[in-house]
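Student: I'm passing along my_file.txt; it holds compact mmCIF, C-alpha atoms.
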```
# COMPACT_ATOMS: atom_id res chain seq x y z
CA MET A 230 0.00 0.00 0.00
CA ASN A 231 0.88 3.68 -0.23
CA ILE A 232 0.92 5.26 3.23
CA TYR A 233 0.96 9.04 3.77
CA LEU A 234 2.02 10.21 7.24
CA ILE A 235 1.44 13.83 8.31
CA SER A 236 2.56 15.84 11.33
CA ALA A 237 0.15 18.77 11.36
CA SER A 238 1.06 22.43 11.76
CA HIS A 239 -1.28 24.96 13.42
CA ARG A 240 -2.97 28.13 12.28
CA ASN A 241 -1.83 31.63 13.17
CA PRO A 242 -4.41 34.15 14.46
CA ASP A 243 -4.85 35.46 10.90
CA GLY A 244 -5.77 31.96 9.70
CA SER A 245 -2.51 31.26 7.87
CA LEU A 246 -0.59 28.06 8.57
CA TYR A 247 2.40 28.40 10.87
CA LYS A 248 5.66 27.74 9.05
CA ALA A 249 9.22 27.71 10.34
CA PRO A 250 12.48 27.58 8.37
CA ARG A 251 14.47 26.52 11.46
CA TYR A 252 13.98 24.02 14.26
CA TRP A 253 15.84 23.19 17.40
CA THR A 254 15.69 19.66 16.02
CA SER A 255 13.60 17.39 13.85
CA GLY A 256 10.70 15.34 15.12
CA ILE A 257 11.33 11.60 14.84
CA THR A 258 7.80 10.21 15.22
CA LEU A 259 7.09 9.90 11.51
CA PRO A 260 10.55 8.64 10.49
CA TYR A 261 10.29 6.07 13.27
CA LEU A 262 6.81 4.99 12.18
CA ARG A 263 8.12 4.58 8.65
CA ALA A 264 10.90 2.36 10.00
CA LEU A 265 8.27 0.34 11.86
CA THR A 266 6.25 -0.22 8.67
CA PRO A 267 6.75 -3.55 6.84
CA SER A 268 8.96 -3.05 3.79
CA CYS A 269 6.24 -4.19 1.37
CA HIS A 270 4.57 -0.79 1.80
CA ARG A 271 5.64 2.60 0.47
CA VAL A 272 5.65 5.40 3.08
CA GLU A 273 5.75 9.15 2.43
CA ILE A 274 6.04 11.58 5.35
CA VAL A 275 5.59 15.34 5.70
CA ASP A 276 6.06 17.72 8.61
CA GLU A 277 3.63 20.50 7.73
CA ILE A 278 5.56 23.11 9.70
CA THR A 279 8.32 22.92 7.12
CA GLY A 280 6.64 21.11 4.23
CA THR A 281 3.39 21.14 2.28
CA VAL A 282 0.67 18.53 2.67
CA ASP A 283 -0.50 17.04 -0.62
CA LEU A 284 -4.24 17.54 -0.20
CA GLU A 285 -4.86 15.54 -3.38
CA SER A 286 -3.00 12.46 -2.15
CA THR A 287 -4.53 9.16 -3.23
CA ALA A 288 -2.63 7.11 -0.65
CA ASP A 289 -4.32 3.96 0.61
CA VAL A 290 -4.24 5.28 4.18
CA ILE A 291 -3.54 8.70 5.69
CA GLY A 292 -1.88 8.85 9.13
CA ILE A 293 -2.08 12.13 11.06
CA THR A 294 -0.59 13.24 14.38
CA GLY A 295 -0.32 16.49 16.30
CA MET A 296 -0.44 18.00 19.77
CA GLY A 297 -1.75 21.16 21.40
CA PRO A 298 -2.91 23.72 18.84
CA GLN A 299 -1.90 21.36 16.03
CA MET A 300 -4.97 19.25 16.79
CA ALA A 301 -7.36 21.75 15.23
CA ARG A 302 -5.39 21.44 11.99
CA ALA A 303 -5.07 17.66 12.40
CA TYR A 304 -8.85 17.39 12.65
CA GLU A 305 -9.23 19.70 9.66
CA LEU A 306 -6.95 17.46 7.61
CA GLY A 307 -8.75 14.35 8.82
CA ASP A 308 -12.09 15.77 7.68
CA HIS A 309 -10.60 16.74 4.32
CA PHE A 310 -9.17 13.32 3.50
CA ARG A 311 -12.22 11.44 4.74
CA ALA A 312 -14.40 13.57 2.48
CA ARG A 313 -12.19 12.41 -0.40
CA GLY A 314 -12.74 8.78 0.56
CA ARG A 315 -9.30 8.17 2.08
CA PRO A 316 -9.09 6.07 5.28
CA VAL A 317 -7.68 8.28 8.07
CA VAL A 318 -5.79 7.02 11.13
CA MET A 319 -4.79 9.29 14.01
CA GLY A 320 -2.34 8.73 16.83
CA GLY A 321 -0.22 10.52 19.40
CA THR A 322 -0.72 11.70 22.95
CA TRP A 323 -3.77 13.92 22.40
CA ALA A 324 -5.66 11.44 20.22
CA SER A 325 -4.83 8.65 22.67
CA LEU A 326 -6.20 10.54 25.67
CA VAL A 327 -9.47 11.45 23.91
CA PRO A 328 -9.91 8.77 21.22
CA ASP A 329 -13.67 9.29 20.87
CA GLN A 330 -13.07 12.96 20.09
CA ALA A 331 -10.44 12.04 17.50
CA LEU A 332 -12.79 9.48 15.93
CA SER A 333 -15.08 12.34 14.92
CA HIS A 334 -12.35 13.21 12.40
CA ALA A 335 -10.75 9.82 11.70
CA ASP A 336 -11.68 6.25 10.85
CA ALA A 337 -9.34 4.76 13.43
CA VAL A 338 -7.21 5.84 16.37
CA VAL A 339 -4.04 4.21 17.67
CA VAL A 340 -4.38 4.53 21.45
CA GLY A 341 -0.93 4.49 23.04
CA GLU A 342 2.17 3.02 21.45
CA ALA A 343 2.15 1.72 17.89
CA GLU A 344 4.72 -1.09 17.98
CA HIS A 345 2.36 -3.93 18.85
CA VAL A 346 -0.60 -2.79 16.69
CA TRP A 347 0.71 -0.98 13.61
CA GLU A 348 1.18 -4.02 11.37
CA SER A 349 -2.24 -5.46 12.22
CA LEU A 350 -3.83 -2.05 11.55
CA LEU A 351 -2.23 -1.96 8.10
CA ASN A 352 -3.43 -5.49 7.41
CA ASP A 353 -6.96 -4.40 8.32
CA VAL A 354 -6.69 -1.41 5.96
CA ALA A 355 -5.65 -3.74 3.15
CA ALA A 356 -8.54 -6.08 3.94
CA GLY A 357 -11.06 -3.25 4.17
CA CYS A 358 -11.98 -4.01 7.78
CA LEU A 359 -10.42 -1.13 9.73
CA LYS A 360 -11.48 -1.07 13.40
CA PRO A 361 -12.12 2.20 15.30
CA LYS A 362 -9.46 1.69 17.99
CA TYR A 363 -6.14 -0.12 18.15
CA GLN A 364 -4.55 -0.42 21.58
CA ALA A 365 -1.76 -2.76 22.65
CA ASP A 366 -2.26 -4.89 25.74
CA ARG A 367 1.27 -4.15 26.99
CA TRP A 368 4.04 -1.58 26.79
CA HIS A 369 6.98 -2.23 24.50
CA THR A 370 10.23 -3.18 26.24
CA LEU A 371 12.12 -0.64 24.03
CA GLU A 372 14.61 -3.36 23.13
CA ASN A 373 15.62 -3.70 19.48
CA LEU A 374 13.47 -0.83 18.27
CA PRO A 375 13.64 -0.32 14.50
CA ARG A 376 16.24 2.30 13.58
CA PHE A 377 15.08 5.12 11.38
CA ASP A 378 17.37 6.56 8.73
CA TYR A 379 18.81 9.88 9.91
CA TRP A 380 19.28 10.87 6.28
CA SER A 381 15.50 10.80 5.88
CA LEU A 382 14.56 13.35 8.53
CA PRO A 383 11.79 15.72 7.33
CA LEU A 384 14.00 18.81 7.15
CA PHE A 385 16.70 17.02 5.24
CA HIS A 386 17.00 16.91 1.44
CA ARG A 387 19.69 14.49 0.34
CA GLN A 388 19.99 15.81 -3.20
CA GLN A 389 20.52 19.41 -2.05
CA TRP A 390 22.44 18.72 1.12
CA GLU A 391 25.39 20.80 2.13
CA ARG A 392 26.70 20.78 5.66
CA SER A 393 26.28 24.56 6.01
CA ALA A 394 22.66 24.35 4.83
CA PHE A 395 21.98 21.47 7.20
CA TYR A 396 23.11 23.41 10.24
CA ARG A 397 21.02 26.40 9.19
CA GLN A 398 17.98 24.14 9.56
CA TYR A 399 18.89 22.26 12.73
CA PHE A 400 20.51 23.30 15.96
CA HIS A 401 20.58 19.74 17.30
CA TRP A 402 20.30 16.15 16.10
CA PRO A 403 17.39 14.24 17.72
CA ILE A 404 17.53 11.08 19.80
CA SER A 405 15.22 9.28 22.22
CA ILE A 406 16.40 7.10 25.12
CA SER A 407 13.30 6.55 27.26
CA ARG A 408 9.53 6.91 27.48
CA GLY A 409 7.28 8.11 30.26
CA CYS A 410 7.69 9.85 33.60
CA PRO A 411 7.10 8.50 37.13
CA HIS A 412 5.83 11.80 38.56
CA THR A 413 2.20 12.78 39.15
CA CYS A 414 1.92 16.34 37.78
CA GLU A 415 -1.81 16.65 37.08
CA TYR A 416 -1.47 18.97 34.06
CA CYS A 417 1.00 16.67 32.31
CA ALA A 418 -0.23 14.62 29.36
CA VAL A 419 2.93 12.51 29.40
CA GLN A 420 2.43 10.88 32.79
CA THR A 421 -1.27 10.46 31.98
CA TYR A 422 -0.54 8.85 28.61
CA TYR A 423 2.05 6.47 30.08
CA ALA A 424 0.14 5.90 33.36
CA GLN A 425 3.22 7.07 35.32
CA SER A 426 5.31 4.25 33.85
CA PHE A 427 8.94 4.74 32.83
CA ARG A 428 11.13 2.63 30.54
CA SER A 429 14.58 3.08 29.03
CA ARG A 430 16.25 1.70 25.93
CA PRO A 431 19.27 -0.61 26.28
CA ILE A 432 22.33 1.54 26.79
CA ASP A 433 24.34 -0.13 24.03
CA GLU A 434 21.58 0.67 21.50
CA VAL A 435 21.48 4.30 22.62
CA ILE A 436 25.25 4.59 22.32
CA GLU A 437 25.06 3.14 18.80
CA ASP A 438 22.66 5.96 17.83
CA PHE A 439 25.03 8.56 19.27
CA ARG A 440 27.89 7.03 17.31
CA THR A 441 25.81 7.11 14.12
CA ILE A 442 25.14 10.82 14.63
CA LYS A 443 28.81 11.51 15.33
CA ALA A 444 29.85 9.60 12.19
CA MET A 445 27.52 11.84 10.17
CA GLY A 446 29.23 14.95 11.53
CA GLY A 447 26.75 15.67 14.30
CA LYS A 448 28.21 17.57 17.23
CA LYS A 449 25.13 18.55 19.25
CA VAL A 450 22.29 16.23 20.20
CA LEU A 451 18.87 16.95 21.69
CA ILE A 452 17.49 14.13 23.84
CA LEU A 453 13.76 14.34 23.16
CA ASP A 454 12.65 12.58 26.34
CA ASP A 455 10.45 14.26 28.93
CA ASN A 456 12.52 13.02 31.87
CA PRO A 457 15.66 11.05 30.95
CA ILE A 458 16.67 10.77 34.64
CA GLY A 459 13.44 8.99 35.59
CA ASN A 460 15.68 6.03 36.48
CA LYS A 461 18.73 7.60 38.08
CA GLN A 462 20.87 4.46 38.10
CA TYR A 463 20.25 3.96 34.38
CA ALA A 464 21.02 7.62 33.70
CA LYS A 465 24.33 7.39 35.55
CA GLU A 466 25.36 4.31 33.56
CA LEU A 467 24.37 6.00 30.31
CA PHE A 468 26.29 9.19 31.13
CA ARG A 469 29.41 7.15 31.90
CA ALA A 470 29.09 5.41 28.53
CA LEU A 471 28.55 8.73 26.72
CA THR A 472 31.57 10.49 28.20
CA PRO A 473 34.23 9.07 25.81
CA LEU A 474 32.22 10.08 22.73
CA GLY A 475 32.76 13.81 23.24
CA ILE A 476 29.28 14.83 21.99
CA LYS A 477 27.52 17.89 23.40
CA TRP A 478 23.86 17.37 24.24
CA ALA A 479 20.80 19.06 25.66
CA SER A 480 17.64 17.66 27.16
CA GLN A 481 14.48 18.35 29.09
CA CYS A 482 14.88 17.25 32.69
CA THR A 483 13.45 17.62 36.19
CA ILE A 484 15.11 19.74 38.85
CA ASN A 485 15.96 16.49 40.65
CA ILE A 486 19.19 16.26 38.65
CA ALA A 487 20.59 19.00 40.89
CA ARG A 488 19.76 17.01 44.03
CA ASP A 489 22.08 14.13 43.20
CA ALA A 490 25.64 15.45 43.04
CA GLU A 491 27.00 12.35 41.32
CA LEU A 492 24.27 12.37 38.67
CA LEU A 493 24.81 16.05 37.88
CA ASP A 494 28.57 15.65 37.70
CA LEU A 495 28.26 12.66 35.36
CA ALA A 496 25.83 14.55 33.11
CA ALA A 497 28.27 17.45 32.77
CA LYS A 498 31.20 15.14 32.03
CA ALA A 499 29.07 13.30 29.44
CA GLY A 500 28.61 16.50 27.44
CA CYS A 501 25.45 18.09 28.85
CA VAL A 502 25.44 21.80 27.99
CA THR A 503 21.76 22.76 28.33
CA LEU A 504 18.82 21.54 30.42
CA SER A 505 15.21 22.58 29.91
CA ILE A 506 13.61 22.36 33.34
CA GLY A 507 9.93 22.64 34.24
CA LEU A 508 10.08 24.81 37.35
CA GLU A 509 6.46 25.92 36.70
CA SER A 510 6.06 28.32 39.64
CA VAL A 511 7.86 30.01 42.52
CA SER A 512 4.81 29.27 44.69
CA GLU A 513 4.85 25.95 46.54
CA SER A 514 1.07 26.19 46.94
CA ASN A 515 0.71 26.30 43.15
CA LEU A 516 2.94 23.26 42.73
CA ASN A 517 1.08 21.30 45.39
CA ASP A 518 -2.24 22.14 43.74
CA VAL A 519 -1.17 20.59 40.43
CA GLY A 520 0.56 17.56 41.93
CA LYS A 521 4.18 18.69 41.46
CA ARG A 522 5.15 18.27 45.09
CA PHE A 523 8.79 17.42 44.39
CA GLY A 524 9.41 20.95 43.04
CA LYS A 525 10.22 22.72 46.34
CA PRO A 526 10.74 26.37 45.27
CA GLU A 527 12.67 27.12 48.46
CA ARG A 528 15.45 24.96 46.99
CA TYR A 529 15.35 26.33 43.46
CA SER A 530 18.11 28.93 43.83
CA ARG A 531 20.50 26.39 45.33
CA ASP A 532 19.60 23.79 42.71
CA LEU A 533 20.00 26.18 39.78
CA ALA A 534 23.35 27.41 41.10
CA ALA A 535 24.57 23.80 41.26
CA ILE A 536 23.59 23.21 37.63
CA ARG A 537 25.19 26.43 36.43
CA GLY A 538 28.27 25.56 38.46
CA LYS A 539 28.76 22.59 36.14
CA GLY A 540 28.71 24.85 33.07
CA ILE A 541 25.14 23.92 32.08
CA GLN A 542 22.77 26.51 30.63
CA ILE A 543 19.20 26.49 31.98
CA ILE A 544 15.99 26.95 30.00
CA ALA A 545 13.16 27.54 32.48
CA LEU A 546 9.59 26.48 31.78
CA MET A 547 7.27 28.63 33.91
CA MET A 548 3.49 28.92 34.26
CA LEU A 549 1.63 32.11 35.15
CA GLY A 550 -2.03 32.23 36.14
CA LEU A 551 -2.23 29.25 38.47
CA ASP A 552 -4.66 29.51 41.37
CA HIS A 553 -2.30 31.06 43.92
CA ASP A 554 -0.96 33.69 41.53
CA ASP A 555 -2.06 37.29 41.94
CA ALA A 556 -1.03 40.68 40.55
CA SER A 557 2.29 40.51 42.43
CA SER A 558 3.28 37.16 40.93
CA PHE A 559 4.47 38.63 37.63
CA ALA A 560 7.19 40.82 39.15
CA ARG A 561 8.14 38.13 41.65
CA THR A 562 8.56 35.54 38.89
CA LEU A 563 10.62 37.91 36.76
CA GLN A 564 12.92 38.77 39.66
CA PHE A 565 13.47 35.09 40.39
CA LEU A 566 14.38 34.37 36.75
CA VAL A 567 16.82 37.27 36.55
CA ASP A 568 18.41 36.64 39.95
CA ASN A 569 19.03 33.01 39.05
CA LYS A 570 20.49 33.89 35.64
CA ILE A 571 18.11 31.76 33.61
CA SER A 572 19.47 31.52 30.06
CA PHE A 573 16.18 31.19 28.22
CA LEU A 574 12.50 31.30 29.16
CA LYS A 575 9.49 29.42 27.86
CA LEU A 576 6.47 30.95 29.53
CA PHE A 577 3.07 29.29 29.65
CA LEU A 578 -0.45 30.12 30.67
CA PRO A 579 -2.47 27.19 32.06
CA CYS A 580 -3.53 25.04 29.12
CA PRO A 581 -5.02 21.71 30.20
CA TYR A 582 -4.70 18.80 27.80
CA PRO A 583 -8.04 17.00 27.36
CA GLY A 584 -7.79 13.67 29.14
CA THR A 585 -5.64 14.92 32.03
CA LYS A 586 -6.88 15.33 35.61
CA TYR A 587 -6.21 19.07 35.40
CA TYR A 588 -8.50 19.39 32.39
CA ASP A 589 -11.24 17.35 34.06
CA ASP A 590 -11.02 19.46 37.23
CA MET A 591 -11.14 22.76 35.34
CA GLU A 592 -13.99 21.56 33.14
CA ALA A 593 -15.99 20.39 36.16
CA ALA A 594 -15.46 23.79 37.79
CA GLY A 595 -16.70 25.59 34.67
CA ARG A 596 -13.37 27.36 34.20
CA ILE A 597 -12.51 26.24 30.65
CA THR A 598 -13.10 29.27 28.42
CA THR A 599 -12.94 27.62 24.99
CA HIS A 600 -12.89 24.27 23.24
CA ASP A 601 -11.31 25.72 20.13
CA TRP A 602 -8.30 23.42 20.09
CA GLY A 603 -6.41 25.85 17.88
CA ARG A 604 -6.19 28.18 20.88
CA TYR A 605 -4.54 25.57 23.11
CA ASP A 606 -1.17 27.16 22.53
CA TYR A 607 -0.06 28.03 26.08
CA GLY A 608 -0.39 31.75 25.32
CA SER A 609 -4.18 32.10 25.47
CA ALA A 610 -6.54 32.44 28.42
CA ILE A 611 -7.92 28.89 28.36
CA VAL A 612 -8.56 28.70 32.12
CA LYS A 613 -10.26 31.46 34.10
CA PRO A 614 -7.78 32.61 36.79
CA VAL A 615 -8.81 33.00 40.44
CA ASN A 616 -7.07 36.11 41.75
CA VAL A 617 -6.72 38.24 38.62
CA LYS A 618 -8.88 38.89 35.60
CA SER A 619 -8.08 37.09 32.36
CA GLN A 620 -6.87 40.28 30.69
CA GLU A 621 -4.59 41.04 33.65
CA MET A 622 -3.14 37.55 33.30
CA LEU A 623 -2.55 38.09 29.59
CA ASP A 624 -0.99 41.50 30.19
CA GLY A 625 1.25 40.10 32.94
CA PHE A 626 2.30 37.23 30.68
CA THR A 627 3.33 39.67 27.97
CA TRP A 628 5.09 41.97 30.46
CA VAL A 629 7.20 39.16 31.96
CA TYR A 630 8.26 38.00 28.50
CA LYS A 631 9.24 41.48 27.35
CA GLN A 632 11.07 42.33 30.56
CA PHE A 633 12.92 39.02 30.67
CA TYR A 634 14.20 39.61 27.13
CA SER A 635 14.98 43.31 27.59
CA PRO A 636 18.62 44.20 26.77
CA ARG A 637 19.32 45.11 30.38
CA ASN A 638 18.01 41.83 31.75
CA ILE A 639 19.70 39.81 29.00
CA LEU A 640 23.07 41.13 30.17
CA ARG A 641 22.19 40.62 33.83
CA ARG A 642 21.24 37.01 33.17
CA MET A 643 23.96 35.98 30.74
CA LEU A 644 26.95 37.43 32.57
CA PRO A 645 28.98 35.88 33.98
CA PRO A 646 28.40 32.68 31.98
CA PRO A 647 28.00 29.27 33.63
CA SER A 648 31.35 27.84 34.62
CA GLY A 649 33.49 27.51 31.51
CA ASN A 650 30.54 27.56 29.10
CA TYR A 651 31.46 30.58 26.98
CA LEU A 652 30.47 29.27 23.54
CA GLU A 653 26.97 28.19 24.63
CA THR A 654 26.58 31.53 26.42
CA LEU A 655 27.32 33.37 23.18
CA PHE A 656 24.83 31.14 21.35
CA TYR A 657 22.11 31.86 23.90
CA THR A 658 22.90 35.56 24.10
CA ILE A 659 22.39 35.88 20.34
CA GLY A 660 19.17 33.89 20.68
CA ASN A 661 18.01 36.19 23.48
CA TYR A 662 18.51 39.29 21.35
CA LYS A 663 16.61 37.69 18.47
CA VAL A 664 13.67 37.08 20.79
CA HIS A 665 13.97 40.65 22.07
CA ARG A 666 13.59 41.98 18.54
CA SER A 667 10.58 39.77 17.86
CA LEU A 668 8.89 40.99 21.06
CA ARG A 669 9.29 44.73 20.52
CA ASN A 670 5.95 45.06 18.77
CA TRP A 671 4.36 41.91 20.12
CA LYS A 672 0.86 42.44 21.47
CA ASN A 673 -1.03 39.31 20.55
CA THR A 674 -0.91 36.62 23.22
CA TRP A 675 -2.20 34.01 20.81
CA ALA A 676 1.31 32.85 20.12
CA VAL A 677 4.00 30.46 21.25
CA ILE A 678 7.57 31.66 21.81
CA GLY A 679 10.39 29.16 21.90
```
Take the structure from the file and write it as structure tokens.

Tutor:
Amino acid sequence: MNIYLISASHRNPDGSLYKAPRYWTSGITLPYLRALTPSCHRVEIVDEITGTVDLESTADVIGITGMGPQMARAYELGDHFRARGRPVVMGGTWASLVPDQALSHADAVVVGEAEHVWESLLNDVAAGCLKPKYQADRWHTLENLPRFDYWSLPLFHRQQWERSAFYRQYFHWPISISRGCPHTCEYCAVQTYYAQSFRSRPIDEVIEDFRTIKAMGGKKVLILDDNPIGNKQYAKELFRALTPLGIKWASQCTINIARDAELLDLAAKAGCVTLSIGLESVSESNLNDVGKRFGKPERYSRDLAAIRGKGIQIIALMMLGLDHDDASSFARTLQFLVDNKISFLKLFLPCPYPGTKYYDDMEAAGRITTHDWGRYDYGSAIVKPVNVKSQEMLDGFTWVYKQFYSPRNILRRMLPPPSGNYLETLFYTIGNYKVHRSLRNWKNTWAVIG
């Protein structure tokens, strides 16, 4: 069969499709799914953020995925292809958490992981007996996963490739080492999707992927996992194995890495240069309310200093507008970020994923303001705040962003650089000034920065 796999984009406020010439890295979901597909089939993939979906495709089955605001576009594409008589299959975290919603725009939904159901789904397509839901009865062990071809990543064009052009498109090469997260943060779709389970790939297979990237000239890797230190003993063994390779890498991570001196030291020696950390709030009451009790804001300054002391840049993920925030929270959050010399900020307003406990609680309380999934972008007032008005929350969100990226605060945050990390500091300083320029006339909070 001919199989057409699509990662949806999302629409801008003016209705145009969001496009980006550069990425921090490439997504690997579609290349991996292609590698998982039996070789008797032909698979074409497109990332709509950088490519163009062939709306006239006559493929035997259309596969669509997305998350957050991409789901409005994913559903739009599903409706389009179904109207043309093409079987549509959806998958991914969002579709898995609300499969009945997704089935309003698709013929079938893969609920959870694809490894144990993908081939049988394709057989059913070929036989004309597609079922509405496909869900494995067990998690995959992550051993001997099919390897996708790095040359086939969506942003990569073999026939036009030049090393300089490649690095203008990517900042990092992508890799995945684990799935899931053992924590109980109620707003998090990841722990809901994986039912708080956590698994890691065999270390020798991970190291082989790193070696492949290095052999292709890759020097900086982004670990795509949500919490690669979910098993600390595994993480320590992996970092020891990575150290001789001399590859620089970045990852998302919990603040717990700073609370194990050996783990943090091993990460730095293994090439860690940047960590994206979900701090969420400087209010412990806020963190307790959403189930993130391990956060402990009273320890944040000490933890962040320990990470910077190892030469590691910090990207902070922060939420404004939680239930214990008030008009003073904006200035307090900004001061915390500047004082702790955060290298980069991704700021969020509360945006509950359907299917999570946080969404169910907010919906039951009548606090969800819209079910327009295209607005679920972390920069819109999706949840009615308690102690401020929605417009005050939006204004405070914009103010914190603009002040954080003001020239004065850029210099205050970036100097002196984390221990010995001068090149990454220059990279992030340039990035900070680019964001500053983009924010000078920014008024619309229906946007995502980062």

Student: Excluding same-chain residues fewer than 4 positions from range 576-582 of chain A, what lies within 6 Å of it counting all atoms listed in the file, as a list in words?

Tutor: Tyr416, Leu546, Met547, Met548, Leu549, Tyr587, Tyr588, Tyr607, Gly608 and Ile611 of chain A

Student: Quick one, how far is CA of Leu574 in chain A from CA of Leu533 in chain A?

Tutor: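 Calculated distance between CA of Leu574 in chain A and CA of Leu533 in chain A is 14.0 Å.
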
Student: Could you please determine the separation between CA of Gly540 in chain A and CA of Phe439 in chain A in Å, to one decimal place?

Tutor: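 A separation of 21.7 Å between them.
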
Student: Could you pull the residues within 6 Å of Glu415 in chain A, counting all atoms listed in the file, minus those fewer than 4 positions along the same chain, as an MDAnalysis selection string?

Tutor: chainID A and resid 519:520 586:587

Student: Please determine an axis-aligned box that encloses all atoms of range 529-538 of chain A listed in the file, with 4 Å added on each side, and express its centre and edge lengths in Å to one decimal as lines of an AutoDock Vina configuration file.

Tutor:
```
center_x = 21.8
center_y = 26.1
center_z = 40.9
size_x = 20.9
size_y = 13.7
size_z = 16.9
```

Student: Residues near His334 in chain A, anyone? I mean within 8 Å using all atoms listed in the file, not counting same-chain ones fewer than 5 positions away, as an MDAnalysis selection string.

Tutor: chainID A and resid 304:305 307:308 311

Student: I need the chosen residues saved as an mmCIF file, keeping the file's coordinate frame, with C-alpha atoms.

Tutor:
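Produced file part01.cif, reproduced below:
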```
data_model
loop_
_atom_site.group_PDB
_atom_site.id
_atom_site.type_symbol
_atom_site.label_atom_id
_atom_site.label_comp_id
_atom_site.auth_asym_id
_atom_site.auth_seq_id
_atom_site.Cartn_x
_atom_site.Cartn_y
_atom_site.Cartn_z
ATOM 1 C CA TYR A 304 -8.850 17.390 12.650
ATOM 2 C CA GLU A 305 -9.230 19.700 9.660
ATOM 3 C CA GLY A 307 -8.750 14.350 8.820
ATOM 4 C CA ASP A 308 -12.090 15.770 7.680
ATOM 5 C CA ARG A 311 -12.220 11.440 4.740
#
```

Student: Out of A:Asp329, A:Glu342, A:Glu466, A:Asp554, which residue has the shortest atom-to-atom distance to Leu265 in chain A when counting all atoms listed in the file?

Tutor: A:Glu342

Student: One number please: CA of Lys525 in chain A to CA of Glu509 in chain A, in Å, one decimal.

Tutor: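 Distance between the two atoms: 10.8 Å.
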
Student: Just checking: using only C-alpha atoms, which residue out of A:Ile571, A:Ala496, A:Ile597, A:Cys417 ends up closest to Ile476 in chain A?

Tutor: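 Of the candidates, the smallest distance to Ile476 in chain A is held by A:Ala496.
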
Student: Show me, as CSV, the residues of range 239-265 of chain A having an atom within 10 Å of range 449-457 of chain A, each with the closest atom pair and its distance in Å, using all atoms listed in the file.

Tutor:
```
residue,atom,partner,partner_atom,distance
A:Trp253,CA,A:Leu451,CA,8.2
A:Thr254,CA,A:Leu451,CA,7.0
A:Ser255,CA,A:Leu451,CA,9.5
A:Gly256,CA,A:Leu453,CA,8.7
A:Ile257,CA,A:Leu453,CA,9.1
```

Student: Per residue of range 270-311 of chain A within 12 Å of range 376-383 of chain A, record the nearest atom pair and its distance in Å to one decimal, counting all atoms listed in the file, with rows in chain order and ascending residue number, as a Markdown table.

Tutor:
```
| residue | atom | partner | partner_atom | distance |
| --- | --- | --- | --- | --- |
| A:Val272 | CA | A:Ser381 | CA | 11.6 |
| A:Glu273 | CA | A:Pro383 | CA | 10.2 |
| A:Ile274 | CA | A:Pro383 | CA | 7.4 |
| A:Val275 | CA | A:Pro383 | CA | 6.4 |
| A:Asp276 | CA | A:Pro383 | CA | 6.2 |
| A:Glu277 | CA | A:Pro383 | CA | 9.5 |
| A:Ile278 | CA | A:Pro383 | CA | 10.0 |
| A:Thr279 | CA | A:Pro383 | CA | 8.0 |
| A:Gly280 | CA | A:Pro383 | CA | 8.1 |
| A:Thr281 | CA | A:Pro383 | CA | 11.2 |
```

Student: For Gly357 in chain A, which residue among A:Arg315, A:His369, A:His239, A:Lys461 is the nearest when counting only C-alpha atoms?

Tutor: A:Arg315

Student: Which neighbours of range 626-630 of chain A fall inside 12 Å, counting only C-alpha atoms, when residues of the same chain fewer than 6 positions from it are skipped, and could you give them as a PyMOL selection string?

Tutor: chain A and resi 547-550+554+556-567+573-579+607-610+619-620+638-639+661+664-679

Student: Counting only C-alpha atoms, write as a list in words all protein and nucleic acid residues lying at most 7 Å from (6.2, 12.7, 40.7) in the file's frame.

Tutor: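 Looking at atoms near the point gives Pro411, His412, Thr413, Cys414, Lys521 and Phe523 of chain A.
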
Student: Near Trp323 in chain A, within 12 Å and counting only C-alpha atoms, which residues show up once chain neighbours fewer than 5 positions away are dropped, as number ranges by chain?

Tutor: A: 293-301, 303-304, 328-332, 338-341, 417-419, 421-422, 581-585, 602, 605

Student: Dump range 456-467 of chain A with C-alpha atoms to a file, as an mmCIF file, in the first residue's frame.

Tutor:
```
data_model
loop_
_atom_site.group_PDB
_atom_site.id
_atom_site.type_symbol
_atom_site.label_atom_id
_atom_site.label_comp_id
_atom_site.auth_asym_id
_atom_site.auth_seq_id
_atom_site.Cartn_x
_atom_site.Cartn_y
_atom_site.Cartn_z
ATOM 1 C CA ASN A 456 12.515 13.018 31.875
ATOM 2 C CA PRO A 457 15.662 11.050 30.953
ATOM 3 C CA ILE A 458 16.669 10.765 34.637
ATOM 4 C CA GLY A 459 13.441 8.990 35.595
ATOM 5 C CA ASN A 460 15.679 6.027 36.484
ATOM 6 C CA LYS A 461 18.732 7.601 38.081
ATOM 7 C CA GLN A 462 20.869 4.464 38.101
ATOM 8 C CA TYR A 463 20.245 3.961 34.385
ATOM 9 C CA ALA A 464 21.023 7.624 33.704
ATOM 10 C CA LYS A 465 24.332 7.393 35.549
ATOM 11 C CA GLU A 466 25.358 4.314 33.560
ATOM 12 C CA LEU A 467 24.366 6.000 30.305
#
```
